[in-house]
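A.B. asks: Sharing run_34.cif here; it has mmCIF, C-alpha atoms (C1' of nucleotides).
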data_work
#
loop_
_atom_site.label_atom_id
_atom_site.label_comp_id
_atom_site.auth_asym_id
_atom_site.auth_seq_id
_atom_site.Cartn_x
_atom_site.Cartn_y
_atom_site.Cartn_z
CA MET R 512 22.52 50.11 -14.28
CA ALA R 513 20.66 50.29 -11.14
CA TYR R 514 20.22 53.92 -11.51
CA GLN R 515 17.01 53.76 -9.53
CA SER R 516 18.66 52.72 -6.34
CA GLU R 517 21.58 55.07 -6.54
CA SER R 518 20.05 57.71 -4.40
CA LEU R 519 18.90 55.35 -1.68
CA ILE R 520 22.31 53.81 -1.47
CA ALA R 521 24.01 57.17 -1.45
CA GLN R 522 21.78 58.21 1.39
CA ALA R 523 22.60 55.13 3.38
CA ARG R 524 26.25 55.74 2.87
CA GLU R 525 26.07 59.32 3.94
CA ILE R 526 24.28 58.37 7.07
CA ARG R 527 26.72 55.63 7.84
CA GLU R 528 29.61 57.99 7.45
CA ALA R 529 27.92 60.73 9.39
CA SER R 530 27.37 58.28 12.21
CA GLY R 531 30.99 57.29 12.21
CA VAL R 532 30.27 53.65 11.56
CA SER R 533 32.87 51.77 9.57
CA GLN R 534 31.99 49.33 6.84
CA ARG R 535 33.35 46.54 8.98
CA ALA R 536 31.31 47.51 12.00
CA LEU R 537 28.23 47.77 9.85
CA SER R 538 28.93 44.46 8.22
CA GLU R 539 28.89 42.77 11.60
CA ARG R 540 25.72 44.39 12.71
CA ALA R 541 23.96 43.74 9.45
CA GLY R 542 25.24 40.26 8.90
CA LEU R 543 26.91 41.02 5.60
CA THR R 544 30.54 41.08 4.63
CA GLN R 545 32.62 44.19 4.42
CA SER R 546 33.53 43.50 0.84
CA HIS R 547 29.88 43.24 0.03
CA ILE R 548 29.09 46.58 1.56
CA SER R 549 31.98 48.22 -0.16
CA GLN R 550 30.75 47.03 -3.50
CA ILE R 551 27.21 48.10 -2.85
CA GLU R 552 28.24 51.55 -1.77
CA GLY R 553 30.58 51.86 -4.70
CA GLY R 554 27.81 50.99 -7.09
CA ARG R 555 29.59 47.95 -8.37
CA LEU R 556 26.83 45.72 -7.11
CA GLU R 557 23.09 45.88 -6.85
CA PRO R 558 21.98 44.66 -3.44
CA GLY R 559 19.05 42.40 -2.92
CA LEU R 560 16.13 43.98 -1.16
CA SER R 561 16.74 42.08 2.03
CA SER R 562 20.44 42.87 2.09
CA PHE R 563 19.64 46.50 1.80
CA ILE R 564 17.08 46.28 4.53
CA ASP R 565 19.54 44.58 6.81
CA MET R 566 22.01 47.27 6.09
CA THR R 567 19.74 50.19 6.73
CA ARG R 568 18.14 48.67 9.79
CA ALA R 569 21.60 48.41 11.30
CA LEU R 570 21.83 52.13 10.75
CA ASP R 571 18.64 52.81 12.59
CA LEU R 572 16.76 53.48 9.43
CA GLU R 573 13.57 52.07 7.99
CA LEU R 574 12.70 51.56 4.38
CA MET R 575 9.19 52.79 3.83
CA LEU R 576 6.74 52.80 0.98
CA VAL R 577 5.28 56.23 0.42
CA PRO R 578 2.77 57.42 -2.16
CA LYS R 579 4.55 59.76 -4.52
CA LYS R 580 2.21 62.52 -3.60
CA LEU R 581 3.40 62.46 -0.05
CA VAL R 582 7.08 62.34 -0.75
CA PRO R 583 7.61 66.07 -0.27
CA ALA R 584 5.81 65.96 3.02
CA VAL R 585 7.87 63.08 4.29
CA LEU R 586 11.00 64.71 3.02
CA GLY R 587 10.05 67.78 4.93
CA LEU R 588 9.57 65.78 8.04
CA VAL R 589 12.87 64.05 7.76
CA LYS R 590 14.73 67.14 6.86
CA ALA R 591 13.22 69.17 9.61
CA GLN R 592 14.58 66.64 11.98
CA ALA R 593 18.04 66.72 10.44
CA THR R 594 18.53 70.42 9.92
CA PRO R 595 16.21 72.55 11.96
CA ASP R 596 17.04 75.76 10.14
CA MET R 597 15.98 74.49 6.79
CA HIS R 598 12.57 75.47 5.73
CA ILE R 599 10.61 74.43 2.78
CA HIS R 600 8.05 76.23 0.75
CA ALA R 601 6.06 73.32 -0.38
CA GLY R 602 3.93 75.45 -2.60
CA GLN R 603 5.21 76.58 -5.97
CA PRO R 604 4.99 74.48 -9.01
CA ASN R 605 8.41 73.67 -10.30
CA ASP R 606 8.02 75.51 -13.51
CA LYS R 607 7.77 78.79 -11.78
CA ARG R 608 10.82 78.02 -9.79
CA PHE R 609 12.83 77.40 -12.87
CA ALA R 610 11.59 80.46 -14.62
CA ARG R 611 12.58 82.49 -11.62
CA ALA R 612 15.98 80.92 -11.43
CA GLU R 613 16.66 81.46 -15.08
CA ARG R 614 15.74 85.06 -14.76
CA LEU R 615 18.10 85.38 -11.85
CA VAL R 616 20.97 83.92 -13.81
CA LYS R 617 20.25 86.19 -16.69
CA LYS R 618 20.35 89.15 -14.40
CA MET R 619 23.61 88.07 -12.90
CA LYS R 620 25.16 87.59 -16.30
CA HIS R 621 24.05 91.04 -17.15
CA LEU R 622 25.44 92.61 -14.05
CA TYR R 623 28.70 90.77 -13.63
CA GLY R 624 29.36 89.54 -17.12
CA SER R 625 28.87 85.97 -18.15
CA SER R 626 31.26 83.50 -16.68
CA ALA R 627 31.74 79.87 -17.56
CA ASP R 628 30.02 78.90 -14.35
CA LEU R 629 26.99 81.00 -15.01
CA ASP R 630 26.75 79.58 -18.46
CA ARG R 631 26.91 76.13 -17.05
CA ILE R 632 24.15 76.88 -14.59
CA ASP R 633 22.04 78.38 -17.28
CA ASP R 634 22.47 75.40 -19.51
CA THR R 635 21.82 72.91 -16.82
CA LEU R 636 18.73 74.63 -15.57
CA ARG R 637 17.27 74.69 -19.00
CA PHE R 638 17.86 70.99 -19.17
CA LEU R 639 16.51 70.12 -15.77
CA ARG R 640 13.40 72.08 -16.44
CA ARG R 641 12.29 69.62 -19.03
CA VAL R 642 12.91 66.60 -16.98
CA ASN R 643 10.55 64.89 -14.62
CA LEU R 644 12.49 65.22 -11.45
CA SER R 645 11.83 63.06 -8.50
CA ASP R 646 10.87 64.98 -5.43
CA GLN R 647 14.19 64.27 -3.97
CA GLU R 648 15.97 65.67 -6.94
CA MET R 649 13.70 68.67 -7.03
CA GLN R 650 14.50 69.22 -3.43
CA LEU R 651 18.17 69.43 -4.27
CA VAL R 652 17.55 71.83 -7.09
CA ARG R 653 15.46 73.98 -4.85
CA GLU R 654 18.22 74.24 -2.33
CA LEU R 655 20.77 75.15 -4.93
CA ILE R 656 18.58 77.85 -6.36
CA ALA R 657 17.95 79.24 -2.93
CA ARG R 658 21.65 79.37 -2.32
CA LEU R 659 22.25 81.16 -5.54
CA GLU R 660 19.63 83.68 -4.66
CA ARG R 661 21.10 84.25 -1.28
CA TYR R 662 24.64 84.80 -2.39
CA GLN R 663 24.11 86.46 -5.72
CA ALA R 664 25.47 89.79 -4.68
CA SER R 665 27.91 88.62 -2.08
CA GLU R 666 31.58 89.44 -2.29
CA GLN R 667 32.70 85.87 -2.58
CA ALA R 668 29.99 84.83 -4.92
CA ALA R 669 32.42 83.28 -7.35
CA PRO R 670 33.33 80.08 -5.49
CA ILE R 671 29.75 79.61 -4.42
CA VAL R 672 28.51 79.98 -7.93
CA ARG R 673 31.07 77.47 -9.02
CA ASP R 674 29.95 75.03 -6.41
CA ILE R 675 26.35 75.41 -7.44
CA ALA R 676 27.26 74.89 -11.05
CA GLN R 677 29.09 71.74 -10.14
CA ASN R 678 26.24 70.36 -8.12
CA LEU R 679 23.75 71.03 -10.82
CA GLN R 680 25.92 69.44 -13.41
CA ARG R 681 26.41 66.39 -11.32
CA LEU R 682 22.68 66.03 -11.00
CA ARG R 683 22.26 66.48 -14.69
CA ASN R 684 24.85 63.86 -15.45
CA SER R 685 23.27 61.43 -13.12
CA ILE R 686 20.06 61.83 -15.01
CA ALA R 687 21.20 62.29 -18.54
CA HIS R 688 23.40 59.37 -18.52
CA ALA R 689 22.25 57.05 -15.84
CA ALA R 690 25.80 56.14 -15.29
CA PRO R 691 26.84 52.60 -14.54
CA SER R 692 30.23 53.44 -13.12
CA GLU R 693 30.27 57.03 -12.11
CA PRO R 694 33.36 57.42 -9.95
CA ARG R 695 31.77 59.71 -7.46
CA SER R 696 28.24 59.55 -6.37
CA ALA R 697 26.72 61.38 -3.49
CA TYR R 698 25.33 64.71 -4.22
CA SER R 699 25.01 66.06 -0.79
CA LEU R 700 21.38 65.85 0.04
CA ASP R 701 21.76 67.83 3.15
CA GLY R 702 23.38 71.01 4.01
CA GLY R 703 27.04 70.19 3.44
CA ASP R 704 28.43 73.68 3.08
CA ALA R 705 31.85 72.41 3.92
CA ASP R 706 33.81 73.78 1.05
CA ALA R 707 34.03 77.20 -0.52
CA MET H 1145 12.76 33.65 4.69
CA ALA H 1146 13.13 37.20 3.94
CA TYR H 1147 11.16 38.08 6.91
CA GLN H 1148 12.40 41.65 6.77
CA SER H 1149 10.89 42.45 3.46
CA GLU H 1150 7.63 40.67 3.97
CA SER H 1151 5.77 43.71 5.10
CA LEU H 1152 7.00 45.93 2.31
CA ILE H 1153 6.04 43.38 -0.26
CA ALA H 1154 2.67 42.80 1.31
CA GLN H 1155 2.07 46.53 1.22
CA ALA H 1156 2.97 46.73 -2.40
CA ARG H 1157 0.63 43.93 -3.19
CA GLU H 1158 -2.24 45.47 -1.32
CA ILE H 1159 -1.81 48.69 -3.15
CA ARG H 1160 -1.57 46.98 -6.48
CA GLU H 1161 -4.78 45.13 -5.82
CA ALA H 1162 -6.54 48.15 -4.43
CA SER H 1163 -5.64 50.02 -7.60
CA GLY H 1164 -7.00 47.29 -9.78
CA VAL H 1165 -3.74 46.66 -11.54
CA SER H 1166 -3.10 43.12 -12.66
CA GLN H 1167 0.25 41.44 -12.31
CA ARG H 1168 0.57 41.42 -16.03
CA ALA H 1169 -0.15 45.10 -16.38
CA LEU H 1170 2.29 45.85 -13.64
CA SER H 1171 4.91 43.65 -15.17
CA GLU H 1172 4.79 45.66 -18.34
CA ARG H 1173 4.99 48.95 -16.63
CA ALA H 1174 7.78 47.85 -14.36
CA GLY H 1175 9.74 45.94 -16.93
CA LEU H 1176 9.58 42.64 -15.11
CA THR H 1177 7.84 39.42 -15.99
CA GLN H 1178 4.50 38.39 -14.58
CA SER H 1179 5.93 35.18 -13.25
CA HIS H 1180 8.56 37.13 -11.44
CA ILE H 1181 6.02 39.36 -9.78
CA SER H 1182 3.88 36.45 -8.78
CA GLN H 1183 6.80 34.80 -7.06
CA ILE H 1184 7.80 37.94 -5.28
CA GLU H 1185 4.32 38.58 -4.03
CA GLY H 1186 3.94 34.99 -3.00
CA GLY H 1187 7.11 35.15 -0.98
CA ARG H 1188 8.77 32.45 -2.99
CA LEU H 1189 11.41 34.83 -4.14
CA GLU H 1190 13.36 37.69 -2.65
CA PRO H 1191 13.51 40.56 -5.15
CA GLY H 1192 16.59 42.59 -5.83
CA LEU H 1193 16.42 46.13 -4.61
CA SER H 1194 16.14 47.52 -8.08
CA SER H 1195 13.42 45.11 -9.09
CA PHE H 1196 11.42 46.15 -6.11
CA ILE H 1197 11.95 49.80 -6.88
CA ASP H 1198 10.82 49.28 -10.44
CA MET H 1199 7.77 47.57 -9.16
CA THR H 1200 6.77 50.15 -6.62
CA ARG H 1201 7.50 53.08 -8.86
CA ALA H 1202 5.11 51.63 -11.36
CA LEU H 1203 2.54 51.78 -8.60
CA ASP H 1204 3.15 55.43 -7.95
CA LEU H 1205 5.05 54.70 -4.79
CA GLU H 1206 8.44 55.71 -3.59
CA LEU H 1207 10.78 53.75 -1.42
CA MET H 1208 12.18 56.07 1.20
CA LEU H 1209 14.73 55.88 3.94
CA VAL H 1210 13.37 57.16 7.21
CA PRO H 1211 15.01 57.40 10.63
CA LYS H 1212 13.35 54.91 12.95
CA LYS H 1213 12.34 57.72 15.24
CA LEU H 1214 10.18 59.23 12.56
CA VAL H 1215 8.47 56.09 11.44
CA PRO H 1216 5.30 56.66 13.47
CA ALA H 1217 5.01 60.17 12.16
CA VAL H 1218 5.37 59.08 8.57
CA LEU H 1219 2.97 56.26 9.13
CA GLY H 1220 0.45 58.75 10.41
CA LEU H 1221 0.92 60.94 7.42
CA VAL H 1222 0.47 58.12 4.98
CA LYS H 1223 -2.51 56.71 6.72
CA ALA H 1224 -4.28 60.00 6.96
CA GLN H 1225 -3.94 60.48 3.27
CA ALA H 1226 -4.97 57.01 2.26
CA THR H 1227 -7.78 58.01 0.00
CA PRO H 1228 -10.36 55.45 -0.99
CA ASP H 1229 -10.36 56.52 -4.58
CA MET H 1230 -6.68 56.22 -5.15
CA HIS H 1231 -6.54 55.99 -8.84
CA ILE H 1232 -3.56 55.26 -10.86
CA HIS H 1233 -3.04 56.82 -14.21
CA ALA H 1234 -3.71 53.55 -15.82
CA GLY H 1235 -3.18 55.14 -19.16
CA GLN H 1236 0.34 56.27 -20.02
CA PRO H 1237 0.87 54.38 -23.18
CA ASN H 1238 4.24 56.03 -23.42
CA ASP H 1239 5.51 54.48 -20.28
CA LYS H 1240 4.55 51.13 -21.55
CA ARG H 1241 6.34 51.77 -24.74
CA PHE H 1242 9.52 52.64 -22.96
CA ALA H 1243 9.32 49.69 -20.66
CA ARG H 1244 8.91 47.48 -23.64
CA ALA H 1245 11.76 49.06 -25.48
CA GLU H 1246 14.07 48.83 -22.53
CA ARG H 1247 13.35 45.20 -22.17
CA LEU H 1248 14.02 44.69 -25.81
CA VAL H 1249 17.40 46.33 -25.54
CA LYS H 1250 18.21 44.32 -22.49
CA LYS H 1251 17.36 41.17 -24.33
CA MET H 1252 19.50 42.17 -27.28
CA LYS H 1253 22.41 42.93 -25.05
CA HIS H 1254 21.91 39.59 -23.58
CA LEU H 1255 21.83 37.80 -26.85
CA TYR H 1256 24.44 39.60 -28.85
CA GLY H 1257 26.56 41.07 -26.15
CA SER H 1258 26.47 44.70 -25.23
CA SER H 1259 27.81 47.01 -27.84
CA ALA H 1260 28.52 50.68 -27.53
CA ASP H 1261 25.45 51.37 -29.61
CA LEU H 1262 23.16 49.30 -27.49
CA ASP H 1263 24.52 50.95 -24.39
CA ARG H 1264 23.86 54.28 -25.95
CA ILE H 1265 20.31 53.34 -26.77
CA ASP H 1266 19.73 52.00 -23.32
CA ASP H 1267 21.07 55.11 -21.77
CA THR H 1268 19.14 57.43 -23.97
CA LEU H 1269 15.89 55.61 -23.51
CA ARG H 1270 16.22 55.78 -19.78
CA PHE H 1271 16.67 59.47 -20.17
CA LEU H 1272 13.87 60.12 -22.60
CA ARG H 1273 11.48 58.21 -20.46
CA ARG H 1274 11.86 60.83 -17.82
CA VAL H 1275 11.26 63.74 -20.09
CA ASN H 1276 8.09 65.37 -21.15
CA LEU H 1277 8.12 64.75 -24.83
CA SER H 1278 6.06 66.64 -27.32
CA ASP H 1279 3.83 64.63 -29.60
CA GLN H 1280 6.25 65.10 -32.40
CA GLU H 1281 9.15 63.90 -30.36
CA MET H 1282 7.22 60.96 -29.08
CA GLN H 1283 6.31 60.10 -32.60
CA LEU H 1284 9.96 59.92 -33.53
CA VAL H 1285 10.78 57.75 -30.58
CA ARG H 1286 7.97 55.43 -31.44
CA GLU H 1287 9.24 54.99 -34.93
CA LEU H 1288 12.73 54.28 -33.78
CA ILE H 1289 11.57 51.72 -31.30
CA ALA H 1290 9.45 50.04 -33.90
CA ARG H 1291 12.43 49.87 -36.19
CA LEU H 1292 14.56 48.37 -33.52
CA GLU H 1293 11.95 45.78 -32.88
CA ARG H 1294 11.66 44.93 -36.51
CA TYR H 1295 15.33 44.49 -37.16
CA GLN H 1296 16.48 43.13 -33.86
CA ALA H 1297 17.34 39.71 -35.21
CA SER H 1298 18.21 40.72 -38.73
CA GLU H 1299 21.58 39.98 -40.25
CA GLN H 1300 22.49 43.56 -40.78
CA ALA H 1301 21.21 44.73 -37.48
CA ALA H 1302 24.44 46.45 -36.58
CA PRO H 1303 24.26 49.49 -38.86
CA ILE H 1304 20.58 49.86 -38.16
CA VAL H 1305 21.16 49.77 -34.45
CA ARG H 1306 23.83 52.37 -34.85
CA ASP H 1307 21.54 54.58 -36.81
CA ILE H 1308 18.86 54.28 -34.19
CA ALA H 1309 21.34 55.08 -31.46
CA GLN H 1310 22.40 58.17 -33.33
CA ASN H 1311 18.89 59.34 -33.86
CA LEU H 1312 17.98 58.88 -30.25
CA GLN H 1313 21.06 60.67 -29.12
CA ARG H 1314 20.40 63.54 -31.41
CA LEU H 1315 16.96 63.87 -29.93
CA ARG H 1316 18.37 63.75 -26.48
CA ASN H 1317 20.89 66.41 -27.23
CA SER H 1318 18.33 68.66 -28.73
CA ILE H 1319 16.41 68.39 -25.51
CA ALA H 1320 19.31 68.63 -23.18
CA HIS H 1321 20.55 71.81 -24.76
CA ALA H 1322 17.26 73.40 -25.48
CA ALA H 1323 17.64 76.75 -27.08
CA PRO H 1324 16.81 79.66 -24.82
CA SER H 1325 14.44 80.98 -27.44
CA GLU H 1326 12.13 78.07 -26.79
CA PRO H 1327 9.26 79.60 -24.91
CA ARG H 1328 7.44 76.34 -24.54
CA SER H 1329 6.90 76.23 -20.83
CA ALA H 1330 3.34 75.32 -21.47
CA TYR H 1331 3.43 71.68 -20.58
CA SER H 1332 0.93 70.85 -18.00
CA LEU H 1333 3.05 68.12 -16.66
CA ASP H 1334 0.33 66.41 -14.81
CA GLY H 1335 -2.77 65.88 -16.70
CA GLY H 1336 -3.34 65.18 -13.09
CA ASP H 1337 -6.88 65.67 -12.14
CA ALA H 1338 -9.22 63.45 -10.34
CA ASP H 1339 -7.83 63.98 -6.94
CA ALA H 1340 -9.43 65.16 -3.80
"C1'" DC P 533 -20.47 26.43 -23.72
"C1'" DG P 534 -16.12 29.54 -25.51
"C1'" DT P 535 -13.31 33.33 -24.76
"C1'" DT P 536 -10.58 36.07 -21.93
"C1'" DC P 537 -8.22 37.62 -18.18
"C1'" DC P 538 -6.56 36.42 -13.76
"C1'" DG P 539 -2.74 34.48 -10.53
"C1'" DA P 540 0.13 30.36 -9.61
"C1'" DT P 541 3.55 27.22 -11.12
"C1'" DA P 542 7.29 24.90 -13.66
"C1'" DC P 543 11.65 24.75 -15.75
"C1'" DA P 544 15.95 25.72 -18.34
"C1'" DG P 545 19.63 28.87 -18.96
"C1'" DG P 546 22.29 32.67 -17.93
"C1'" DA P 547 23.45 36.54 -14.94
"C1'" DT P 548 24.67 38.13 -10.62
"C1'" DA P 549 24.41 38.54 -5.57
"C1'" DC P 550 26.78 37.02 -1.69
"C1'" DT P 551 30.23 34.60 1.20
"C1'" DG P 552 34.68 33.99 2.92
"C1'" DC P 553 38.84 34.71 2.39
"C1'" DA P 554 43.21 37.58 1.34
"C1'" DT P 555 45.49 41.65 -0.02
"C1'" DC P 556 46.62 46.48 -1.13
"C1'" DG P 557 47.24 51.54 -0.51
"C1'" DT P 558 46.20 55.09 2.66
"C1'" DT P 559 45.61 57.52 6.80
"C1'" DC P 560 46.23 58.27 11.57
"C1'" DG P 561 48.12 57.83 16.34
"C1'" DG P 562 51.91 56.38 19.00
"C1'" DC Q 100 58.97 54.36 11.68
"C1'" DC Q 101 55.12 50.96 13.17
"C1'" DG Q 102 50.89 49.12 13.70
"C1'" DA Q 103 45.93 49.55 13.46
"C1'" DA Q 104 41.92 50.57 11.15
"C1'" DC Q 105 39.85 52.13 7.04
"C1'" DG Q 106 37.88 51.31 2.30
"C1'" DA Q 107 38.80 49.12 -2.24
"C1'" DT Q 108 39.67 45.09 -4.83
"C1'" DG Q 109 40.28 40.21 -6.34
"C1'" DC Q 110 38.69 35.60 -6.68
"C1'" DA Q 111 36.57 30.91 -6.24
"C1'" DG Q 112 32.44 28.86 -5.24
"C1'" DT Q 113 27.62 28.68 -4.21
"C1'" DA Q 114 23.01 30.38 -3.98
"C1'" DT Q 115 19.67 32.94 -5.86
"C1'" DC Q 116 17.60 36.04 -8.90
"C1'" DC Q 117 15.45 36.89 -13.34
"C1'" DT Q 118 14.01 36.01 -17.96
"C1'" DG Q 119 11.40 33.67 -21.37
"C1'" DT Q 120 8.07 30.67 -22.29
"C1'" DA Q 121 4.37 27.78 -21.35
"C1'" DT Q 122 0.76 25.78 -18.87
"C1'" DC Q 123 -2.92 25.30 -15.45
"C1'" DG Q 124 -7.30 25.93 -12.86
"C1'" DG Q 125 -10.50 29.42 -11.74
"C1'" DA Q 126 -13.55 33.42 -12.31
"C1'" DA Q 127 -16.16 36.60 -15.34
"C1'" DC Q 128 -18.70 37.63 -19.34
"C1'" DG Q 129 -20.93 36.66 -23.67
#
For the file at hand, write its structure as structure tokens.
C.D. replies:
Amino acid sequence: MAYQSESLIAQAREIREASGVSQRALSERAGLTQSHISQIEGGRLEPGLSSFIDMTRALDLELMLVPKKLVPAVLGLVKAQATPDMHIHAGQPNDKRFARAERLVKKMKHLYGSSADLDRIDDTLRFLRRVNLSDQEMQLVRELIARLERYQASEQAAPIVRDIAQNLQRLRNSIAHAAPSEPRSAYSLDGGDADA
Amino acid sequence: MAYQSESLIAQAREIREASGVSQRALSERAGLTQSHISQIEGGRLEPGLSSFIDMTRALDLELMLVPKKLVPAVLGLVKAQATPDMHIHAGQPNDKRFARAERLVKKMKHLYGSSADLDRIDDTLRFLRRVNLSDQEMQLVRELIARLERYQASEQAAPIVRDIAQNLQRLRNSIAHAAPSEPRSAYSLDGGDADA
DNA sequence: CGTTCCGATACAGGATACTGCATCGTTCGG
DNA sequence: CCGAACGATGCAGTATCCTGTATCGGAACG
């Protein structure tokens, strides 16, 4: 349940961790208990609106109401602040993007032979294309596609391709099966290129 | 109480009223009850995060997490765009249908306990709601929902529920693993017109 | 008038958030 | 090896949400 709030909560958690604030420290600042926060972050509990506000305010964040139309713009703003080198083409309709990506995968299959990972990407893209993605989700997809494009011919493409496949699949799972108790949440919304 | 959320709730209310949406209409779209919404708006109740998200999403709004630093910027953006003729797609009979169905399932879970089949239905509905369904597909969904409604309290509900779950899942799978030969990219996913 | 839609209000019952502990396994620094 | 801090988990008890249903007074329209 509570699939709607997953992404907000995941964001809050990421930011908490990135700021090096422990659950206990946050609990004091926000006036909640540590056990409460742990359960919220773990998805075992759906916070009340005011609890969540307390929590995010203590992280120097504000919850804002934004018309859907403006979500990409706001996302751009926020992201620009977080990662200066990221740069968004706000233009293209999503359909085109997918078509392009699918063509790319096809080409790669052709050139390097089809691998399980490429198949997975292919499959997942075809699925995601039909879904009404939130702007946030679309943003993630966009990044992944861009990464694929960038590294398609690279020497170490393999682990990158695998990573992309994994990320896409995670997104798909989160949508297809609005999971109540998914063990791991947190698709990295920002640049985490830690692994690979 | 709940002084933190006051402003968000007030905003939501203003936008609802400005869009000419009644509490009852909103309650259907959001999957909440009218009485619930009234209490939230009146400040006599503090909504859960997910309730509030349901509510705002039904108003074409997104709840976003923004660094405090950027709040003025976002505020500017939103304000600048605040168009007088902000119209909501009041139509979407499909959305209504799904909201209704989801509530029905919730109620059934409540009454008879959640079964694997009900969970499956719940899950699948949440998925299908997000997808752009063809008329034919929507037709199928409509029938299944109607059937569920009809037999919800029947003695032999169990096998019927199972059958419905299976049918829905089959539909979902057929969408999730769309054949590559499907050229149907031709959905105009907006119908969106009537904007500036 | 009578109908219809509106928002506010009430109330019972069940679900669940939330507190305030206490504890566990792990990780990290000394 | 020890102790500290971390996050996860358990649990009893209370507060509150949320549904479902129903009613009410008011405004709008015929």
A.B. asks: Within 12 Å of chain H, which residues of chain P show up? Give each one with its shortest atom-to-atom distance in Å (one decimal) and the two atoms involved, counting all atoms listed in the file, rows by chain then rising residue number, as a Markdown table.
C.D. replies:
| residue | atom | partner | partner_atom | distance |
| --- | --- | --- | --- | --- |
| P:DC537 | C1' | H:Ser1166 | CA | 9.3 |
| P:DC538 | C1' | H:Ser1166 | CA | 7.6 |
| P:DG539 | C1' | H:Ser1182 | CA | 7.1 |
| P:DA540 | C1' | H:Ser1182 | CA | 7.2 |
| P:DT541 | C1' | H:Ser1179 | CA | 8.6 |
| P:DA542 | C1' | H:Ser1179 | CA | 10.4 |
| P:DG545 | C1' | H:His1254 | CA | 11.9 |
| P:DG546 | C1' | H:His1254 | CA | 8.9 |
| P:DA547 | C1' | H:His1254 | CA | 9.3 |
| P:DT548 | C1' | H:Gly1192 | CA | 10.4 |
| P:DA549 | C1' | H:Gly1192 | CA | 8.8 |
A.B. asks: Need the shell around DG557 (chain P): protein/DNA/RNA residues with any atom at most 12 Å away, counting all atoms listed in the file. Skip same-chain ones fewer than 5 positions apart. Format as a list in words?
C.D. replies: DC105, DG106, DA107 and DT108 of chain Q
A.B. asks: Point out the residue among Q:DA121, Q:DC110, Q:DA126, Q:DC101 with the least atom-to-atom distance to chain H, counting only C-alpha atoms (C1' of nucleotides).
C.D. replies: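 Going through Q:DA121, Q:DC110, Q:DA126, Q:DC101 one by one, the smallest distance to chain H is for Q:DA121.
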A.B. asks: Considering only C-alpha atoms (C1' of nucleotides), return as an NGL selection string whatever protein or nucleic-acid residues lie within 10 Å of DG102 (chain Q), sequence-local ones (same chain, fewer than 2 positions apart) excluded.
C.D. replies: (:P and (561-562)) or (:Q and (100 or 104))
A.B. asks: I'd like the interatomic distance between CA of Glu525 (chain R) and CA of Arg658 (chain R), to a tenth of an Å.
C.D. replies: 21.5 Å
A.B. asks: Counting all atoms listed in the file, figure out which residue out of R:Thr544, R:Ser538, R:Thr635, R:Gln650 gets nearest to chain H.
C.D. replies: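 Of all the options, R:Thr635 lies closest to chain H.
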A.B. asks: Go ahead and compute the interatomic distance for CA of Asp1261 (chain H) and CA of Ile1304 (chain H), in Å to one decimal.
C.D. replies: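 Straight-line distance from CA of Asp1261 (chain H) to CA of Ile1304 (chain H) works out to 10.0 Å.
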A.B. asks: Distance CA of Pro1191 (chain H)-CA of Phe1271 (chain H), one decimal place?
C.D. replies: 24.4 Å
A.B. asks: Find the residues of chain H that sit at most 6 Å from chain R; for each, write down the nearest two atoms and how far apart they are in Å, to one decimal. Count all atoms listed in the file. Sort by chain, then by number going up, and give it as CSV.
C.D. replies:
residue,atom,partner,partner_atom,distance
H:Pro1191,CA,R:Leu560,CA,5.9
H:Gly1192,CA,R:Gly559,CA,3.8
H:Leu1193,CA,R:Leu560,CA,4.1
H:Asp1204,CA,R:Lys579,CA,5.7
H:Leu1205,CA,R:Pro578,CA,4.4
H:Glu1206,CA,R:Val577,CA,5.1
H:Leu1207,CA,R:Leu576,CA,4.8
H:Met1208,CA,R:Met575,CA,5.2
H:Leu1209,CA,R:Leu574,CA,4.8
H:Val1210,CA,R:Glu573,CA,5.2
H:Pro1211,CA,R:Leu572,CA,4.5
H:Lys1212,CA,R:Leu572,CA,5.1
H:Asp1267,CA,R:His688,CA,5.8
H:Phe1271,CA,R:Ala687,CA,5.6
H:Arg1274,CA,R:Asn643,CA,5.3
H:Val1275,CA,R:Val642,CA,4.5
H:Ala1320,CA,R:Phe638,CA,4.9
A.B. asks: Within 12 Å of chain H, which residues of chain Q show up when using all atoms listed in the file, listed as a ChimeraX atom specification?
C.D. replies: /Q:115-121
A.B. asks: With 8 Å on each side, where is the centre of the axis-aligned box around all listed atoms of region 564-575 of chain R, and how long are its edges in Å to one decimal, as AutoDock Vina command-line options?
C.D. replies:
--center_x 15.6 --center_y 49.0 --center_z 8.2 --size_x 28.8 --size_y 24.9 --size_z 24.8
A.B. asks: What would the selection look like, as a short mmCIF file (atom, residue, chain, number, x, y, z; two decimals) with C-alpha atoms, in the coordinates of the input, if the PyMOL selection byres ((chain R and resi 673) around 10) were run on the coordinates I just shared?
C.D. replies:
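Result file is selection15.cif:
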data_model
loop_
_atom_site.label_atom_id
_atom_site.label_comp_id
_atom_site.auth_asym_id
_atom_site.auth_seq_id
_atom_site.Cartn_x
_atom_site.Cartn_y
_atom_site.Cartn_z
CA SER R 626 31.26 83.50 -16.68
CA ALA R 627 31.74 79.87 -17.56
CA ASP R 628 30.02 78.90 -14.35
CA LEU R 629 26.99 81.00 -15.01
CA ARG R 631 26.91 76.13 -17.05
CA ILE R 632 24.15 76.88 -14.59
CA ALA R 668 29.99 84.83 -4.92
CA ALA R 669 32.42 83.28 -7.35
CA PRO R 670 33.33 80.08 -5.49
CA ILE R 671 29.75 79.61 -4.42
CA VAL R 672 28.51 79.98 -7.93
CA ASP R 674 29.95 75.03 -6.41
CA ILE R 675 26.35 75.41 -7.44
CA ALA R 676 27.26 74.89 -11.05
CA GLN R 677 29.09 71.74 -10.14
CA ASN R 678 26.24 70.36 -8.12
CA LEU R 679 23.75 71.03 -10.82
CA ALA R 707 34.03 77.20 -0.52
#
